[in-house]
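A.B. asks: The structure under discussion is supplied below as structure tokens; questions concerning it will follow.
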2 protein chains.
Amino acid sequence: MGVPNAAIELDAIDQRMLEALARNARISLKELAEVAGLSSPSAAERLRRLEERGVIAAFTLDIAPEAIGYFLQAIVRIRPLPGQLHVVQRLIQETPEFIECDKVTGEDCFIGRLVVRSMGDLDGILDKITERAETNTSMIKATPVKRRLPPLSR
Amino acid sequence: MGVPNAAIELDAIDQRMLEALARNARISLKELAEVAGLSSPSAAERLRRLEERGVIAAFTLDIAPEAIGYFLQAIVRIRPLPGQLHVVQRLIQETPEFIECDKVTGEDCFIGRLVVRSMGDLDGILDKITERAETNTSMIKATPVKRRLPPLSR
DNA sequence: GTTGAAAGACTTTAATT
DNA sequence: AATTAAAGTCTTTCAAC
């Protein structure tokens, strides 16, 4: 079921390939092979195995939210009222401005990230949630660490 | 200075292309053209312009942290002690287990996400931060919303 | 698990609408 | 902005180590 219950070891070549793909997932196999110090067929085979072993979850796209009008981002902590957990979870999932949400231990139950075009839009979204949960909202002012890979070796 | 201060409009073709790339950033131009209902050269030109206009920030890689031994993820809220803001920010940036960190309004100053192999590792990382900040840690139990694109049309 | 060589597939250019 | 056709480049297969 999914990922085996033991850490996969990545050698130096795997690490270089993953770092190159994290910088640009659309780089050609030829470039990837150069980075890795391998021939193209070997690089293709390595890549196939990294996917097969479940190390690579996805090749994906980062868009710039502000380029398409989402000038504000917020992190919202959400503590559903008794009996409202599932309804709140569904509400979050069905609100497309939530671009990420985790279920966590502790006082808060959910911690979500959302993008909005205006404070008015944020207010509208939070009003709906506040009917069924306590919320605590922090506006994002800066991002000192942009999404990055975890350490690939111990 | 990066992105223009006005929202770029995305037509239906741009939207289909971005959705396809979010599902698989390594899809070929040929497939992308099929999704978009265009010829390959047109799809290539559209893609070039989406990058040029700053809508596409990056093509990137999602790895599965648990596949390489990071079985635990946490969200940590961090409130530096007076005078310690910059030191704390640097500490976070230099701790590679922090795979993401935002600077926010409100009581907390930073909200970070980190991956660890064990509770012992988490304890070691938090001990260092706790010398200079109050922290509040929530372990991630589930992820009801995996990173996804914001709405691409209004 | 890797390589080099060849066949096949994709991408890019350029002329055109 | 889009298309087709052709040239160029990359990817994949396969025999060999």
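Each chain of the structure tokens is named A, B, ... in the order shown, its residues numbered from 1; ligands are numbered from 1 in display order.
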Give as a PyMOL selection string every residue of chain D that touches chain A within 8 Å, counting only C-alpha atoms (C1' of nucleotides).
C.D. replies: chain D and resi 10-12
A.B. asks: Taking all heavy atoms for each residue, export the selection above as an mmCIF file, in the first residue's frame.
C.D. replies:
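Dumped to out.cif:
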data_model
loop_
_atom_site.group_PDB
_atom_site.id
_atom_site.type_symbol
_atom_site.label_atom_id
_atom_site.label_comp_id
_atom_site.auth_asym_id
_atom_site.auth_seq_id
_atom_site.Cartn_x
_atom_site.Cartn_y
_atom_site.Cartn_z
ATOM 1 P P DC D 10 18.866 18.498 -27.818
ATOM 2 O OP1 DC D 10 18.897 19.456 -26.699
ATOM 3 O OP2 DC D 10 20.076 17.762 -28.244
ATOM 4 O "O5'" DC D 10 17.732 17.432 -27.505
ATOM 5 C "C5'" DC D 10 16.392 17.897 -27.270
ATOM 6 C "C4'" DC D 10 15.497 16.703 -27.050
ATOM 7 O "O4'" DC D 10 15.459 15.921 -28.277
ATOM 8 C "C3'" DC D 10 15.962 15.766 -25.947
ATOM 9 O "O3'" DC D 10 14.816 15.498 -25.159
ATOM 10 C "C2'" DC D 10 16.490 14.545 -26.711
ATOM 11 C "C1'" DC D 10 15.620 14.547 -27.959
ATOM 12 N N1 DC D 10 16.179 13.908 -29.182
ATOM 13 C C2 DC D 10 15.421 12.935 -29.847
ATOM 14 O O2 DC D 10 14.325 12.601 -29.397
ATOM 15 N N3 DC D 10 15.922 12.386 -30.986
ATOM 16 C C4 DC D 10 17.114 12.778 -31.458
ATOM 17 N N4 DC D 10 17.555 12.210 -32.591
ATOM 18 C C5 DC D 10 17.894 13.768 -30.794
ATOM 19 C C6 DC D 10 17.395 14.300 -29.677
ATOM 20 P P DT D 11 14.888 14.557 -23.873
ATOM 21 O OP1 DT D 11 13.936 15.093 -22.899
ATOM 22 O OP2 DT D 11 16.307 14.333 -23.505
ATOM 23 O "O5'" DT D 11 14.282 13.193 -24.437
ATOM 24 C "C5'" DT D 11 12.948 13.186 -24.932
ATOM 25 C "C4'" DT D 11 12.570 11.785 -25.361
ATOM 26 O "O4'" DT D 11 13.376 11.381 -26.491
ATOM 27 C "C3'" DT D 11 12.749 10.724 -24.292
ATOM 28 O "O3'" DT D 11 11.538 9.972 -24.317
ATOM 29 C "C2'" DT D 11 13.971 9.919 -24.754
ATOM 30 C "C1'" DT D 11 13.880 10.066 -26.273
ATOM 31 N N1 DT D 11 15.140 10.002 -27.082
ATOM 32 C C2 DT D 11 15.161 9.178 -28.194
ATOM 33 O O2 DT D 11 14.228 8.475 -28.527
ATOM 34 N N3 DT D 11 16.339 9.207 -28.912
ATOM 35 C C4 DT D 11 17.451 9.967 -28.632
ATOM 36 O O4 DT D 11 18.443 9.899 -29.368
ATOM 37 C C5 DT D 11 17.367 10.801 -27.453
ATOM 38 C C7 DT D 11 18.533 11.654 -27.071
ATOM 39 C C6 DT D 11 16.222 10.788 -26.741
ATOM 40 P P DT D 12 11.272 8.822 -23.229
ATOM 41 O OP1 DT D 12 9.835 8.882 -22.918
ATOM 42 O OP2 DT D 12 12.300 8.904 -22.168
ATOM 43 O "O5'" DT D 12 11.529 7.486 -24.053
ATOM 44 C "C5'" DT D 12 10.809 7.294 -25.266
ATOM 45 C "C4'" DT D 12 11.357 6.077 -25.985
ATOM 46 O "O4'" DT D 12 12.642 6.387 -26.546
ATOM 47 C "C3'" DT D 12 11.547 4.859 -25.088
ATOM 48 O "O3'" DT D 12 10.752 3.823 -25.652
ATOM 49 C "C2'" DT D 12 13.051 4.563 -25.136
ATOM 50 C "C1'" DT D 12 13.495 5.260 -26.415
ATOM 51 N N1 DT D 12 14.889 5.819 -26.439
ATOM 52 C C2 DT D 12 15.676 5.581 -27.545
ATOM 53 O O2 DT D 12 15.317 4.922 -28.497
ATOM 54 N N3 DT D 12 16.919 6.159 -27.499
ATOM 55 C C4 DT D 12 17.448 6.930 -26.467
ATOM 56 O O4 DT D 12 18.580 7.394 -26.552
ATOM 57 C C5 DT D 12 16.558 7.137 -25.337
ATOM 58 C C7 DT D 12 17.038 7.943 -24.166
ATOM 59 C C6 DT D 12 15.336 6.577 -25.369
#
A.B. asks: Please check the contacts: residues of chain C at most 10 Å away from chain A, using only C-alpha atoms (C1' of nucleotides), listed as an NGL selection string.
C.D. replies: :C and (1-4)
A.B. asks: Please identify every residue of chain A that has at least one atom no more than 7 Å from any atom of chain B, counting only C-alpha atoms, and report them as a ChimeraX atom specification.
C.D. replies: /A:3,6-9,21-26,54-64,67-69,93,96-97,99-106,138-151
A.B. asks: Would you export the selected residues with N, CA and C atoms as a compact mmCIF listing (two decimals), in the first residue's frame, please?
C.D. replies:
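Saved file out.txt follows:
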# COMPACT_ATOMS: atom_id res chain seq x y z
N VAL A 3 3.64 3.65 -0.07
CA VAL A 3 5.06 3.74 0.20
C VAL A 3 5.44 2.65 1.20
N ALA A 6 9.79 1.82 5.13
CA ALA A 6 11.22 1.96 5.43
C ALA A 6 11.77 3.00 4.48
N ALA A 7 12.74 3.74 4.95
CA ALA A 7 13.28 4.83 4.14
C ALA A 7 14.10 4.28 2.97
N ILE A 8 13.85 4.83 1.82
CA ILE A 8 14.64 4.50 0.64
C ILE A 8 15.92 5.32 0.69
N GLU A 9 17.03 4.69 0.36
CA GLU A 9 18.31 5.41 0.33
C GLU A 9 18.49 6.05 -1.04
N LEU A 21 15.45 18.54 -10.86
CA LEU A 21 14.02 18.52 -11.20
C LEU A 21 13.22 19.47 -10.31
N ALA A 22 13.67 19.66 -9.07
CA ALA A 22 12.98 20.61 -8.19
C ALA A 22 13.16 22.04 -8.71
N ARG A 23 14.34 22.31 -9.30
CA ARG A 23 14.57 23.64 -9.89
C ARG A 23 13.75 23.81 -11.17
N ASN A 24 13.68 22.76 -11.97
CA ASN A 24 12.91 22.82 -13.21
C ASN A 24 12.45 21.43 -13.62
N ALA A 25 11.20 21.15 -13.34
CA ALA A 25 10.67 19.80 -13.59
C ALA A 25 10.58 19.49 -15.08
N ARG A 26 10.67 20.50 -15.94
CA ARG A 26 10.55 20.23 -17.38
C ARG A 26 11.89 20.09 -18.08
N GLY A 54 8.19 5.55 -5.45
CA GLY A 54 7.34 6.47 -4.70
C GLY A 54 8.08 7.66 -4.12
N VAL A 55 9.33 7.86 -4.51
CA VAL A 55 10.07 9.02 -4.00
C VAL A 55 9.51 10.29 -4.66
N ILE A 56 9.26 10.20 -5.96
CA ILE A 56 8.66 11.32 -6.68
C ILE A 56 7.15 11.17 -6.59
N ALA A 57 6.50 12.13 -5.93
CA ALA A 57 5.04 12.09 -5.81
C ALA A 57 4.39 12.69 -7.05
N ALA A 58 4.98 13.76 -7.57
CA ALA A 58 4.39 14.42 -8.73
C ALA A 58 5.35 15.46 -9.30
N PHE A 59 5.20 15.70 -10.59
CA PHE A 59 5.83 16.85 -11.22
C PHE A 59 4.74 17.89 -11.33
N THR A 60 4.98 19.06 -10.78
CA THR A 60 3.87 19.99 -10.71
C THR A 60 4.28 21.43 -11.02
N LEU A 61 3.32 22.28 -10.87
CA LEU A 61 3.41 23.66 -11.34
C LEU A 61 3.22 24.59 -10.16
N ASP A 62 4.10 25.57 -10.02
CA ASP A 62 3.84 26.67 -9.08
C ASP A 62 3.37 27.86 -9.88
N ILE A 63 2.15 28.31 -9.62
CA ILE A 63 1.78 29.56 -10.26
C ILE A 63 2.03 30.69 -9.28
N ALA A 64 2.10 31.91 -9.80
CA ALA A 64 2.28 33.10 -8.96
C ALA A 64 0.88 33.65 -8.72
N ALA A 67 -0.02 37.13 -9.81
CA ALA A 67 -0.10 37.41 -11.25
C ALA A 67 -1.52 37.27 -11.76
N ILE A 68 -2.32 36.46 -11.09
CA ILE A 68 -3.71 36.31 -11.55
C ILE A 68 -4.69 36.94 -10.56
N GLY A 69 -4.18 37.90 -9.80
CA GLY A 69 -5.09 38.74 -9.02
C GLY A 69 -5.27 38.37 -7.57
N GLN A 93 -12.72 21.90 1.89
CA GLN A 93 -12.37 21.23 0.62
C GLN A 93 -13.12 21.83 -0.55
N PRO A 96 -12.48 26.76 -3.08
CA PRO A 96 -11.28 26.60 -3.90
C PRO A 96 -10.15 27.56 -3.53
N GLU A 97 -10.48 28.63 -2.80
CA GLU A 97 -9.42 29.53 -2.35
C GLU A 97 -8.50 28.86 -1.33
N ILE A 99 -5.90 26.57 -0.82
CA ILE A 99 -5.01 25.85 -1.74
C ILE A 99 -4.22 24.78 -1.01
N GLU A 100 -4.44 24.64 0.28
CA GLU A 100 -3.72 23.65 1.07
C GLU A 100 -4.40 23.60 2.43
N CYS A 101 -4.53 22.42 3.02
CA CYS A 101 -5.07 22.34 4.37
C CYS A 101 -4.62 21.05 5.05
N ASP A 102 -4.12 21.17 6.26
CA ASP A 102 -3.71 20.02 7.04
C ASP A 102 -4.59 19.85 8.26
N LYS A 103 -4.75 18.61 8.66
CA LYS A 103 -5.46 18.28 9.90
C LYS A 103 -4.38 17.99 10.93
N VAL A 104 -4.45 18.67 12.06
CA VAL A 104 -3.33 18.60 13.00
C VAL A 104 -3.76 18.27 14.43
N THR A 105 -2.79 17.88 15.22
CA THR A 105 -3.00 17.70 16.67
C THR A 105 -3.03 19.07 17.33
N GLY A 106 -3.49 19.09 18.56
CA GLY A 106 -3.46 20.34 19.32
C GLY A 106 -4.82 21.01 19.34
N SER A 138 -4.08 34.59 10.13
CA SER A 138 -2.83 35.35 10.01
C SER A 138 -2.59 35.68 8.55
N MET A 139 -2.43 36.95 8.24
CA MET A 139 -2.11 37.34 6.86
C MET A 139 -0.62 37.11 6.60
N ILE A 140 -0.30 36.61 5.43
CA ILE A 140 1.10 36.36 5.07
C ILE A 140 1.73 37.65 4.56
N LYS A 141 2.82 38.07 5.21
CA LYS A 141 3.51 39.30 4.82
C LYS A 141 4.72 39.01 3.96
N ALA A 142 5.32 37.85 4.15
CA ALA A 142 6.53 37.47 3.42
C ALA A 142 6.70 35.97 3.55
N THR A 143 7.59 35.40 2.76
CA THR A 143 7.82 33.96 2.80
C THR A 143 9.32 33.70 2.88
N PRO A 144 9.86 33.69 4.12
CA PRO A 144 11.31 33.52 4.28
C PRO A 144 11.84 32.19 3.75
N VAL A 145 11.02 31.15 3.79
CA VAL A 145 11.42 29.88 3.17
C VAL A 145 10.35 29.47 2.17
N LYS A 146 10.71 29.59 0.89
CA LYS A 146 9.84 29.09 -0.17
C LYS A 146 9.93 27.58 -0.18
N ARG A 147 8.83 26.95 -0.52
CA ARG A 147 8.78 25.49 -0.59
C ARG A 147 10.10 24.91 -1.15
N ARG A 148 10.72 24.01 -0.38
CA ARG A 148 11.98 23.43 -0.83
C ARG A 148 12.02 21.96 -0.43
N LEU A 149 12.97 21.24 -1.02
CA LEU A 149 13.12 19.81 -0.71
C LEU A 149 13.67 19.63 0.69
N PRO A 150 13.25 18.57 1.38
CA PRO A 150 13.90 18.22 2.65
C PRO A 150 15.30 17.70 2.36
N PRO A 151 16.14 17.57 3.41
CA PRO A 151 17.47 17.00 3.19
C PRO A 151 17.34 15.60 2.57
A.B. asks: What is the distance, in Å and to one decimal place, between C1' of DA7 (chain D) and CA of Ala36 (chain B)?
C.D. replies: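 Between these atoms lies a distance of 25.2 Å.
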A.B. asks: Using backbone DSSP assignments, extract all helix (DSSP H, G or I) residues from region 29-84 of chain A; output them as a PyMOL selection string.
C.D. replies: chain A and resi 29-36+40-52+65-68
A.B. asks: How would the residues just chosen look if you wrote them out with C-alpha atoms as a tab-separated table (two decimals), in the first residue's frame?
C.D. replies:
chain	number	residue	atom	x	y	z
A	29	LEU	CA	16.39	13.88	-20.05
A	30	LYS	CA	19.51	14.95	-21.87
A	31	GLU	CA	20.14	17.82	-19.43
A	32	LEU	CA	19.17	15.60	-16.52
A	33	ALA	CA	21.70	13.04	-17.72
A	34	GLU	CA	24.39	15.72	-17.86
A	35	VAL	CA	23.63	16.86	-14.31
A	36	ALA	CA	23.75	13.26	-13.15
A	40	SER	CA	20.27	9.61	-21.36
A	41	PRO	CA	18.98	6.03	-21.17
A	42	SER	CA	20.43	5.66	-17.66
A	43	ALA	CA	18.93	8.91	-16.52
A	44	ALA	CA	15.56	7.83	-17.93
A	45	GLU	CA	15.83	4.53	-16.07
A	46	ARG	CA	16.78	6.24	-12.79
A	47	LEU	CA	13.89	8.63	-13.14
A	48	ARG	CA	11.49	5.78	-13.83
A	49	ARG	CA	12.67	4.00	-10.69
A	50	LEU	CA	12.41	7.10	-8.51
A	51	GLU	CA	8.79	7.37	-9.59
A	52	GLU	CA	8.18	3.64	-9.17
A	65	PRO	CA	-1.07	33.85	-7.28
A	66	GLU	CA	-0.51	37.62	-7.46
A	67	ALA	CA	-0.10	37.41	-11.25
A	68	ILE	CA	-3.71	36.31	-11.55
A.B. asks: Which of region 73-135 of chain A counts as strand (DSSP E or B) under DSSP, as a list in words please?
C.D. replies: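 DSSP-assigned strand (DSSP E or B) residues in region 73-135 of chain A: Gln73, Ala74, Ile75, Val76, Arg77, Ile78, Arg79, Pro80, Phe98, Ile99, Glu100, Cys101, Asp102, Lys103, Val104, Phe110, Ile111, Gly112, Arg113, Leu114, Val115, Val116, Ala133, Glu134 and Thr135 of chain A.
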A.B. asks: With N, CA, C and O atoms retained, could you export that selection as an mmCIF file, in the first residue's frame?
C.D. replies:
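Here's the written file result.cif:
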data_model
loop_
_atom_site.group_PDB
_atom_site.id
_atom_site.type_symbol
_atom_site.label_atom_id
_atom_site.label_comp_id
_atom_site.auth_asym_id
_atom_site.auth_seq_id
_atom_site.Cartn_x
_atom_site.Cartn_y
_atom_site.Cartn_z
ATOM 1 N N GLN A 73 -2.618 36.428 0.783
ATOM 2 C CA GLN A 73 -2.631 35.039 1.224
ATOM 3 C C GLN A 73 -2.753 35.030 2.742
ATOM 4 O O GLN A 73 -2.222 35.905 3.415
ATOM 5 N N ALA A 74 -3.442 34.023 3.262
ATOM 6 C CA ALA A 74 -3.626 33.927 4.707
ATOM 7 C C ALA A 74 -3.441 32.486 5.162
ATOM 8 O O ALA A 74 -3.636 31.543 4.388
ATOM 9 N N ILE A 75 -3.053 32.349 6.421
ATOM 10 C CA ILE A 75 -3.061 31.042 7.064
ATOM 11 C C ILE A 75 -4.151 31.092 8.135
ATOM 12 O O ILE A 75 -4.182 32.021 8.948
ATOM 13 N N VAL A 76 -5.045 30.133 8.070
ATOM 14 C CA VAL A 76 -6.190 30.133 8.981
ATOM 15 C C VAL A 76 -6.158 28.875 9.834
ATOM 16 O O VAL A 76 -6.048 27.771 9.297
ATOM 17 N N ARG A 77 -6.223 29.084 11.152
ATOM 18 C CA ARG A 77 -6.358 27.954 12.066
ATOM 19 C C ARG A 77 -7.832 27.791 12.386
ATOM 20 O O ARG A 77 -8.525 28.791 12.628
ATOM 21 N N ILE A 78 -8.299 26.569 12.348
ATOM 22 C CA ILE A 78 -9.738 26.330 12.425
ATOM 23 C C ILE A 78 -10.040 25.255 13.469
ATOM 24 O O ILE A 78 -9.458 24.166 13.430
ATOM 25 N N ARG A 79 -10.943 25.582 14.378
ATOM 26 C CA ARG A 79 -11.318 24.673 15.469
ATOM 27 C C ARG A 79 -12.833 24.475 15.405
ATOM 28 O O ARG A 79 -13.602 25.314 15.916
ATOM 29 N N PRO A 80 -13.270 23.397 14.761
ATOM 30 C CA PRO A 80 -14.711 23.190 14.571
ATOM 31 C C PRO A 80 -15.451 23.116 15.905
ATOM 32 O O PRO A 80 -14.914 22.602 16.889
ATOM 33 N N PHE A 98 -8.962 27.812 -0.657
ATOM 34 C CA PHE A 98 -8.047 27.023 0.176
ATOM 35 C C PHE A 98 -7.171 26.204 -0.752
ATOM 36 O O PHE A 98 -7.649 25.274 -1.399
ATOM 37 N N ILE A 99 -5.896 26.567 -0.824
ATOM 38 C CA ILE A 99 -5.013 25.853 -1.744
ATOM 39 C C ILE A 99 -4.224 24.776 -1.014
ATOM 40 O O ILE A 99 -3.447 24.041 -1.636
ATOM 41 N N GLU A 100 -4.437 24.637 0.282
ATOM 42 C CA GLU A 100 -3.717 23.647 1.069
ATOM 43 C C GLU A 100 -4.396 23.604 2.431
ATOM 44 O O GLU A 100 -4.805 24.645 2.948
ATOM 45 N N CYS A 101 -4.531 22.415 3.015
ATOM 46 C CA CYS A 101 -5.065 22.336 4.375
ATOM 47 C C CYS A 101 -4.619 21.052 5.048
ATOM 48 O O CYS A 101 -4.699 19.971 4.453
ATOM 49 N N ASP A 102 -4.124 21.171 6.259
ATOM 50 C CA ASP A 102 -3.707 20.015 7.044
ATOM 51 C C ASP A 102 -4.594 19.852 8.261
ATOM 52 O O ASP A 102 -5.077 20.837 8.836
ATOM 53 N N LYS A 103 -4.751 18.615 8.660
ATOM 54 C CA LYS A 103 -5.458 18.277 9.898
ATOM 55 C C LYS A 103 -4.381 17.986 10.934
ATOM 56 O O LYS A 103 -3.494 17.167 10.690
ATOM 57 N N VAL A 104 -4.450 18.666 12.062
ATOM 58 C CA VAL A 104 -3.327 18.603 13.000
ATOM 59 C C VAL A 104 -3.761 18.269 14.426
ATOM 60 O O VAL A 104 -4.939 18.402 14.790
ATOM 61 N N PHE A 110 -7.709 22.158 12.107
ATOM 62 C CA PHE A 110 -7.218 22.327 10.740
ATOM 63 C C PHE A 110 -6.341 23.578 10.654
ATOM 64 O O PHE A 110 -6.607 24.578 11.326
ATOM 65 N N ILE A 111 -5.330 23.500 9.817
ATOM 66 C CA ILE A 111 -4.560 24.693 9.475
ATOM 67 C C ILE A 111 -4.538 24.776 7.959
ATOM 68 O O ILE A 111 -4.064 23.849 7.286
ATOM 69 N N GLY A 112 -5.106 25.846 7.427
ATOM 70 C CA GLY A 112 -5.233 25.965 5.983
ATOM 71 C C GLY A 112 -4.546 27.207 5.451
ATOM 72 O O GLY A 112 -4.293 28.165 6.191
ATOM 73 N N ARG A 113 -4.226 27.153 4.161
ATOM 74 C CA ARG A 113 -3.654 28.318 3.494
ATOM 75 C C ARG A 113 -4.628 28.732 2.420
ATOM 76 O O ARG A 113 -5.107 27.880 1.653
ATOM 77 N N LEU A 114 -4.927 30.004 2.339
ATOM 78 C CA LEU A 114 -5.823 30.415 1.261
ATOM 79 C C LEU A 114 -5.358 31.687 0.579
ATOM 80 O O LEU A 114 -4.593 32.479 1.123
ATOM 81 N N VAL A 115 -5.801 31.805 -0.657
ATOM 82 C CA VAL A 115 -5.495 32.983 -1.480
ATOM 83 C C VAL A 115 -6.797 33.726 -1.733
ATOM 84 O O VAL A 115 -7.841 33.113 -1.911
ATOM 85 N N VAL A 116 -6.734 35.069 -1.709
ATOM 86 C CA VAL A 116 -7.918 35.883 -2.016
ATOM 87 C C VAL A 116 -7.509 37.133 -2.789
ATOM 88 O O VAL A 116 -6.352 37.547 -2.756
ATOM 89 N N ALA A 133 -17.207 27.001 13.295
ATOM 90 C CA ALA A 133 -15.883 26.788 13.885
ATOM 91 C C ALA A 133 -15.334 28.103 14.420
ATOM 92 O O ALA A 133 -15.726 29.175 13.963
ATOM 93 N N GLU A 134 -14.424 27.989 15.377
ATOM 94 C CA GLU A 134 -13.625 29.154 15.760
ATOM 95 C C GLU A 134 -12.464 29.253 14.781
ATOM 96 O O GLU A 134 -11.848 28.243 14.440
ATOM 97 N N THR A 135 -12.145 30.466 14.351
ATOM 98 C CA THR A 135 -11.015 30.611 13.431
ATOM 99 C C THR A 135 -10.031 31.649 13.958
ATOM 100 O O THR A 135 -10.384 32.501 14.765
#
A.B. asks: Just the number, please: distance in Å from C1' of DT13 (chain C) to CA of Asp14 (chain B), one decimal.
C.D. replies: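 A separation of 23.1 Å between them.
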A.B. asks: How many Å separate C1' of DT3 (chain D) from CA of Gly37 (chain B)?
C.D. replies: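 Spanning C1' of DT3 (chain D) to CA of Gly37 (chain B) is a straight-line distance of 12.5 Å.
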